[in-house]
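J.: Take a look at the following structure, please.
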Amino acid sequence: MVSTGNKAVAIAVKQVKPEVIAAYPITPQTEIVEQIAEYVTTGELKSRYIPVESEHSAMAACIGASITGARTFTATSSHGLLYMHEMTNWAAGARVPIVMANVNRALGPGWNIWAEHTDSIQERDTGWLQVYVSTVQEAYDTTLMAFRIAEHDDVLLPVMVNLDGFALSHIMQSLETIDLGDFIPPLHLPHAIDPKNPMGYGTLTGPDEYFKFRWEIERSMRDSMKIIQATEKEYAERFGRTYGFTEDYRCDDAKVVIVSMGTLGKEAEVSVDVLRKEGIKAGSMRLRWFRPFPKLDFGSKDVVVIDRDYSFGFGGVLANSIRAKCGIPVYSVIAGLGGQEVTYDDIAGFVRDRRIGDELWFGVEPNV
Amino acid sequence: MNIPVYNIAFAAAAACASGMSEALRSIGKKTNVIVFAGDGGTVDIGIQSMSGAFERGTDFLYICYDNEAYGNTGMQRSGATPLGAKTTTTPGGKTHAKKDIDMIIAAHNPPYMATACGAFPQDLFKKVQKALTFRGPSFIHILTPCPPGWRYSTEKTVEIGKLAVKSGMWVLYEREYGKLSISSPSKVAIKKPIPLEDYLTPQGRFKGIDEKTLNILKQQVAKNLEQLAREESGIC
Amino acid sequence: MFEVRIHSRGGQGGVTAARLLALAAIRDRKYASAFPFYGAERRGAPVVSFVRIDDKPIKVYSQIREPDLVIVLDSSVMDVVDVLHGLKKGGTVVINSAHKPNFPGYKTYNVDLTDIALKANLVVAGSPILNTPVLGALAKLGLITAASAKKAIAEMFTDERNIKAADAAFQEMVI
């Protein structure tokens with residue numbers, strides 16, 4: 001079949017059958033919510049759909065549903081995600097396996113509806129797992145896997161699946177759906193509310209206890225890496241499509257690697273082919289899982305990082321994550337903010353003109 | 001339009017206006033601060049900040065242009081969507097009644113509030129002018145028919161607005177310090193409302209509405225008209 | 001890779017036209033992607049949609065700058081949009097019009113899609129549907145097979161009039 005990125009997410013959600021979906025519309029996520037509403041209306045999906053009055057309420061409703069042991073889903077973007085921020089923190093702290101699709105969109109003002117990663121990047125500290133997808137097929141496959149990963153006993157953390165606004169959410173590509181079978185086991189939340197065994201949740205936690213709960217989140221984050229690997233491995237075995245923490249293209253003998261996330265990671269593969277024709281041994285590494293941040297090894301390769309985000313007064317978050325985690329200098333390119341056009345020619349240019357250790361704000365003249 | 005326009009996030013309109021109004025008043029300026037928000041930003045995501053601003057007696061005018069759905073994002077349901085109306089998130093027709101934001105605002109006892117519709121432009125104009133003469137919060141709720149959302153042909157917009165009022169499903173009135181006065185077009189509607197179907201049928205969003213829902217709507221309209229009529233005449 | 005740009009106005013189904021074309025190409029066992037560029041959306045505003053067709057997976061997501069084919073569903077957009085912008089030298093233009101346009105240096109074709117739609121009574125909310133008939137015209141051009149064009153239309157729409165209109169456009173399109 002064919003599908004847009006948004007619709008692919010909705011199709012996956014329909015197959016995993018969450019009991020409760022609470023969502024608030026925001027461009028460019030709306031198609032996800034509308035498609036789900038239609039499935040619920042026709043009876044194809046027997047979820048309870050709560051058309052909440054805001055995103056803060058969407059996440060709060062999901063937390064409420066999830067803590068009863070119900071499977072839940074929501075979707076948002078940009079300002080919606082920001083409005084949820086108090087509650088996204090809460091969801092991770094409450095250890096509820098909510099799955100959320102976030103359609104990456106820039107933050108206002110100025111009012112901008114196009115693709116940028118700053119919205120989800122700003123959620124990086126919350127305890128949510130984060131993955132970035134680049135094709136309609138991947139959006140579908142990853143949404144399915146997200147539920148299994150989130151709900152695993154060793155994880156029990158919410159998972160955010162990120163799709164580039166318009167570039168992926170609204171593009172139509174081929175999609176092959178699968179018959180899930182027993183790939184996603186029923187959810188058994190160990191700490192679900194139980195009137196027969198009443199407990200108080202989220203009560204006052206003093207200075208000598210609180211940090212232990214925070215450590216537990218971190219521990220599960222670290223453990224999730226094995227679960228992500230195992231889940232993706234089983235998905236590949238059963239359904240034939242392989243993913244990974246990164247998608248590497250022609251990196252083995254590369255002298256310079258372009259690192260990016262989302263659809264730019266696909267565009268970069270085209271740049272690699274262009275550069276290779278010129279005799280430049282380039283490769284592309286599309287980072288998929290941003291949290292937990294994976295172990296990356298670049299050897300002695302030059303690393304060009306494209307950040308579709310920025311941390312003001314600091315730098316591109318992906319570039320600096322790689323710097324810090326891998327202990328290497330990089331050429332940091334800030335490109336694609338607010339849907340700024342970045343073509344494979346532009347990316348090839350970043351590689352040709354790279355200055356390791358520097359930062360380039362694409363399109364800004366002159367760069368300081 | 002030759003006045004400054006400040007855009008802010010949907011949840012924050014009235015709070016932002018509050019800040020603006022306080023800041024201007026603190027330096028003795030009487031500049032009118034007017035919020036222009038859709039039904040989503042008023043009845044749903046914006047209700048908290050609006051209630052707060054009204055409760056604090058903020059000196060501003062809040063205008064809600066109500067197209068009975070989230071128009072900006074493609075016509076998903078809002079709390080202001082009427083019972084039975086189809087939207088992209090209520091493809092089978094909304095199963096809950098329209099949230100009565102006028103009653104909620106009235107409960108805040110503002111100096112002035114009114115309902116209006118673009119199909120009656122002079123009435124709307126007068127109400128806006130009047131609202132701006134009051135110190136403190138005022139509220140104007142404008143029914144705004146939406147061709148793509150309500151599914152009718154653009155040139156019928158004024159007619160649809162008139163039908164809304166003539167059927168009594170939309171009532172034009174004002175409250176000054178809570179005292180109700182019903183505007184003339186609605187006085188006519190109270191005496192002799194046209195059948196509700198005349199208003200609903202031209203709109204694709206009500207296509208296929210079932211008998212039961214239609215009857216509930218009729219009852220609600222009749223009850224509302226009766227209550228307003230009695231209140232205005234002093235019989236409670 | 002073959003790149004197509006479609007010009008229309010909001011509400012005319014230009015985005016759907018792109019999706020139909022991509023779907024037909026996929027039924028022809030090619031790879032295809034279709035995407036719009038959304039600006040400030042309003043009824044009647046000019047809209048641009050893109051389609052890429054290739055024999056291998058399409059990894060390009062950036063906008064099409066040098067299309068091989070430009071389709072104009074509403075010729076009135078030409079008053080405000082340079083529809084030929086970036087069109088490859090010797091590229092093709094298909095325009096919804098009763099008159100053959102004069103664009104020297106390009107292969108130009110015109111089909112009166114509006115008339116075809118009206119004659120087939122393919123009208124929704126007062127507007128003639130242009131996105132299914134245009135597929136017939138594109139099949140005549142050889143961009144997609146007629147069989148796949150029909151498959152694509154049938155997959156997206158149940159109303160028979162769509163196929164009829166596409167057939168009529170196929171007949172009328174003069175190569």
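Labels for the structure tokens follow display order: chains A, B, ..., residues from 1 in each chain, ligands from 1.
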As JSON, numbers by chain, please: the residues near Ile121 (chain A) (cut-off 9 Å, only C-alpha atoms, same-chain neighbours under 6 positions excluded).
T.: {"A": [130, 290, 309, 310, 317, 318]}
J.: Would you tabulate, counting only C-alpha atoms, all residues of chain B that have an atom at most 9 Å from an atom of chain A, showing the closest pair of atoms and their distance in Å to one decimal, sorted by chain then ascending number, as CSV?
T.:
```
residue,atom,partner,partner_atom,distance
B:Asn7,CA,A:Pro109,CA,8.3
B:Ile8,CA,A:Pro109,CA,8.0
B:Ala9,CA,A:His79,CA,8.0
B:Ala11,CA,A:Ser54,CA,8.1
B:Gly40,CA,A:Glu53,CA,8.1
B:Val43,CA,A:Glu53,CA,8.4
B:Asp44,CA,A:Glu53,CA,4.7
B:Ile45,CA,A:Ser54,CA,5.0
B:Gly46,CA,A:Ser54,CA,8.6
B:Tyr70,CA,A:Pro25,CA,8.2
B:Asn72,CA,A:Thr27,CA,8.5
B:Thr73,CA,A:Thr27,CA,5.8
B:Gly74,CA,A:Thr30,CA,7.7
B:Gln76,CA,A:Pro25,CA,7.3
B:Arg77,CA,A:Pro51,CA,7.9
B:Ser78,CA,A:Glu53,CA,7.7
B:Gly79,CA,A:Glu53,CA,7.7
B:Thr88,CA,A:Glu34,CA,5.6
B:Thr89,CA,A:Ala37,CA,5.1
B:Thr90,CA,A:Ala37,CA,6.8
B:Pro91,CA,A:Glu38,CA,6.3
B:Gly92,CA,A:Thr41,CA,6.3
```
J.: Restricting it to N, CA and C atoms, dump the selection as a PDB file, in the first residue's frame.
T.:
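Generated file (again04.pdb):
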```pdb
ATOM      1  N   ASN B   7       0.853  38.162  18.409  1.00  0.00           N
ATOM      2  CA  ASN B   7       0.457  36.752  18.392  1.00  0.00           C
ATOM      3  C   ASN B   7       1.092  36.009  19.559  1.00  0.00           C
ATOM      4  N   ILE B   8       0.289  35.184  20.225  1.00  0.00           N
ATOM      5  CA  ILE B   8       0.828  34.418  21.363  1.00  0.00           C
ATOM      6  C   ILE B   8       0.251  33.005  21.277  1.00  0.00           C
ATOM      7  N   ALA B   9       0.834  32.091  22.045  1.00  0.00           N
ATOM      8  CA  ALA B   9       0.384  30.699  22.036  1.00  0.00           C
ATOM      9  C   ALA B   9      -1.069  30.586  22.499  1.00  0.00           C
ATOM     10  N   ALA B  11      -2.807  28.809  24.496  1.00  0.00           N
ATOM     11  CA  ALA B  11      -3.236  28.667  25.891  1.00  0.00           C
ATOM     12  C   ALA B  11      -3.093  29.959  26.666  1.00  0.00           C
ATOM     13  N   GLY B  40     -11.467  27.310  20.014  1.00  0.00           N
ATOM     14  CA  GLY B  40     -10.501  26.409  20.648  1.00  0.00           C
ATOM     15  C   GLY B  40      -9.717  27.126  21.728  1.00  0.00           C
ATOM     16  N   VAL B  43     -12.570  28.169  24.609  1.00  0.00           N
ATOM     17  CA  VAL B  43     -13.393  27.206  25.319  1.00  0.00           C
ATOM     18  C   VAL B  43     -12.572  26.022  25.834  1.00  0.00           C
ATOM     19  N   ASP B  44     -11.489  25.722  25.136  1.00  0.00           N
ATOM     20  CA  ASP B  44     -10.680  24.560  25.511  1.00  0.00           C
ATOM     21  C   ASP B  44      -9.330  24.995  26.084  1.00  0.00           C
ATOM     22  N   ILE B  45      -8.332  25.063  25.211  1.00  0.00           N
ATOM     23  CA  ILE B  45      -6.966  25.260  25.696  1.00  0.00           C
ATOM     24  C   ILE B  45      -6.766  26.619  26.368  1.00  0.00           C
ATOM     25  N   GLY B  46      -7.616  27.572  26.020  1.00  0.00           N
ATOM     26  CA  GLY B  46      -7.417  28.906  26.584  1.00  0.00           C
ATOM     27  C   GLY B  46      -8.296  29.217  27.771  1.00  0.00           C
ATOM     28  N   TYR B  70     -11.797  23.408  15.581  1.00  0.00           N
ATOM     29  CA  TYR B  70     -10.417  23.913  15.471  1.00  0.00           C
ATOM     30  C   TYR B  70     -10.151  24.146  13.995  1.00  0.00           C
ATOM     31  N   ASN B  72      -8.038  26.330  12.393  1.00  0.00           N
ATOM     32  CA  ASN B  72      -6.638  26.510  12.009  1.00  0.00           C
ATOM     33  C   ASN B  72      -5.940  25.216  11.620  1.00  0.00           C
ATOM     34  N   THR B  73      -6.300  24.133  12.291  1.00  0.00           N
ATOM     35  CA  THR B  73      -5.607  22.870  12.089  1.00  0.00           C
ATOM     36  C   THR B  73      -6.428  21.907  11.231  1.00  0.00           C
ATOM     37  N   GLY B  74      -7.519  22.367  10.652  1.00  0.00           N
ATOM     38  CA  GLY B  74      -8.249  21.506   9.717  1.00  0.00           C
ATOM     39  C   GLY B  74      -9.589  21.005  10.192  1.00  0.00           C
ATOM     40  N   GLN B  76     -10.959  20.080  13.423  1.00  0.00           N
ATOM     41  CA  GLN B  76     -11.201  19.031  14.420  1.00  0.00           C
ATOM     42  C   GLN B  76     -12.197  19.594  15.440  1.00  0.00           C
ATOM     43  N   ARG B  77     -12.817  18.714  16.208  1.00  0.00           N
ATOM     44  CA  ARG B  77     -13.830  19.172  17.165  1.00  0.00           C
ATOM     45  C   ARG B  77     -13.216  20.049  18.236  1.00  0.00           C
ATOM     46  N   SER B  78     -14.033  20.943  18.750  1.00  0.00           N
ATOM     47  CA  SER B  78     -13.651  21.708  19.930  1.00  0.00           C
ATOM     48  C   SER B  78     -14.789  21.543  20.919  1.00  0.00           C
ATOM     49  N   GLY B  79     -14.601  22.081  22.119  1.00  0.00           N
ATOM     50  CA  GLY B  79     -15.696  22.059  23.086  1.00  0.00           C
ATOM     51  C   GLY B  79     -16.886  22.850  22.598  1.00  0.00           C
ATOM     52  N   THR B  88     -13.497  16.465  11.758  1.00  0.00           N
ATOM     53  CA  THR B  88     -12.568  15.398  11.397  1.00  0.00           C
ATOM     54  C   THR B  88     -12.282  14.467  12.568  1.00  0.00           C
ATOM     55  N   THR B  89     -12.506  14.912  13.802  1.00  0.00           N
ATOM     56  CA  THR B  89     -12.326  13.999  14.930  1.00  0.00           C
ATOM     57  C   THR B  89     -13.657  13.518  15.499  1.00  0.00           C
ATOM     58  N   THR B  90     -14.748  13.958  14.889  1.00  0.00           N
ATOM     59  CA  THR B  90     -16.052  13.381  15.241  1.00  0.00           C
ATOM     60  C   THR B  90     -16.745  13.028  13.934  1.00  0.00           C
ATOM     61  N   PRO B  91     -16.159  12.076  13.196  1.00  0.00           N
ATOM     62  CA  PRO B  91     -16.702  11.779  11.871  1.00  0.00           C
ATOM     63  C   PRO B  91     -18.137  11.267  11.901  1.00  0.00           C
ATOM     64  N   GLY B  92     -18.565  10.739  13.044  1.00  0.00           N
ATOM     65  CA  GLY B  92     -19.937  10.251  13.159  1.00  0.00           C
ATOM     66  C   GLY B  92     -20.862  11.266  13.804  1.00  0.00           C
TER      67      GLY B  92
END
```
J.: Using only C-alpha atoms, which of A:Ala167, A:Val304, A:Ala236, A:Ala106 sits nearest chain C?
T.: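 Ranking A:Ala167, A:Val304, A:Ala236, A:Ala106 by distance to chain C, first place goes to A:Ala167.
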J.: Tell me which protein, DNA and RNA residues are within 6 Å of Gly57 (chain B), counting only C-alpha atoms, leaving out same-chain ones fewer than 2 positions away, and put them as a PDB file with C-alpha atoms, in the first residue's frame.
T.:
```
ATOM      1  CA  PHE B  54     -11.927  37.564  34.152  1.00  0.00           C
ATOM      2  CA  GLU B  55     -11.802  36.618  37.793  1.00  0.00           C
ATOM      3  CA  GLY B 136     -12.924  45.658  33.436  1.00  0.00           C
ATOM      4  CA  PRO B 137     -13.368  42.513  31.379  1.00  0.00           C
TER       5      PRO B 137
END
```
J.: So which residues touch Ile347 (chain A) within 9 Å, counting only C-alpha atoms, skipping near sequence neighbours fewer than 2 positions away, as a list in words?
T.: Ile258, Leu264, Glu267, Ala268, Ser271, Val272, Ile306, Val342, Thr343, Tyr344, Asp345, Gly349, Phe350, Val351 and Arg352 of chain A
J.: Return as a count of residues only the full set of residues in region 23-214 of chain A whose backbone-based DSSP assignment is helix (DSSP H, G or I).
T.: 66
J.: Among region 64-260 of chain A, which residues does DSSP mark as strand (DSSP E or B) when it is run on the backbone? Keep the chain and numbering as in the structure and answer as a ChimeraX atom specification.
T.: /A:72-76,99-104,129-132,159-164,172-174,246-249,256-260
J.: Enter the distance from CA of Ser49 (chain C) to CA of Ala69 (chain B), in Å, rounded to one decimal.
T.: 27.1 Å
J.: Within 6 Å of chain A, which residues belong to chain C? Use only C-alpha atoms and report them as a PDB file with C-alpha atoms, in the first residue's frame.
T.:
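Wrote it out as selection_3.pdb, contents follow:
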```pdb
ATOM      1  CA  SER C  33       7.070   9.715  -3.435  1.00  0.00           C
ATOM      2  CA  ALA C  34       4.557  12.535  -3.382  1.00  0.00           C
ATOM      3  CA  PHE C  35       4.546  15.556  -1.127  1.00  0.00           C
ATOM      4  CA  LYS C  59      16.155   9.219  -0.714  1.00  0.00           C
ATOM      5  CA  VAL C  60      15.778  12.842  -1.689  1.00  0.00           C
ATOM      6  CA  SER C  62      14.297  18.391  -0.569  1.00  0.00           C
TER       7      SER C  62
END
```
J.: Starting from chain B, keep only residues with some atom at most 9 Å from an atom of chain C, counting only C-alpha atoms, and report them as a ChimeraX atom specification.
T.: /B:148,151-153
J.: Output C-alpha atoms for every residue in that selection, as an mmCIF file, in the first residue's frame.
T.:
```cif
data_model
loop_
_atom_site.group_PDB
_atom_site.id
_atom_site.type_symbol
_atom_site.label_atom_id
_atom_site.label_comp_id
_atom_site.auth_asym_id
_atom_site.auth_seq_id
_atom_site.Cartn_x
_atom_site.Cartn_y
_atom_site.Cartn_z
ATOM 1 C CA PRO B 148 -15.109 24.468 4.448
ATOM 2 C CA ARG B 151 -19.582 22.291 4.514
ATOM 3 C CA TYR B 152 -21.610 24.789 2.609
ATOM 4 C CA SER B 153 -20.891 27.060 -0.330
#
```
J.: Residues at most 10 Å from Ala94 (chain A), counting only C-alpha atoms, excluding those fewer than 3 positions away in the same chain, as a list in words?
T.: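 So the residues in contact are Ile63, Ser66, Ile67, Met87, Thr88, Asn89, Trp90, Ala91, Pro97, Leu156, Leu157, Pro158, His191, Tyr201, Gly202, Phe213 and Ile217 of chain A.
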J.: What does the structure give for the distance between CA of Ala17 (chain C) and CA of Leu130 (chain C), in Å to one decimal?
T.: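 Taking CA of Ala17 (chain C) and CA of Leu130 (chain C), their separation equals 7.9 Å.
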J.: To one decimal in Å, tell me the separation between CA of Lys30 (chain B) and CA of Thr58 (chain B).
T.: 12.7 Å
J.: Can you list, as an MDAnalysis selection string, every protein, DNA or RNA residue that comes within 9 Å of Cys64 (chain B) when you count only C-alpha atoms, leaving out same-chain residues fewer than 5 positions away?
T.: chainID B and resid 35:39 41:43 139:143
J.: Considering only C-alpha atoms, return as an MDAnalysis selection string whatever protein or nucleic-acid residues lie within 9 Å of Ile209 (chain B), sequence-local ones (same chain, fewer than 2 positions apart) excluded.
T.: chainID B and resid 84:85 92:93 205:207 211:214
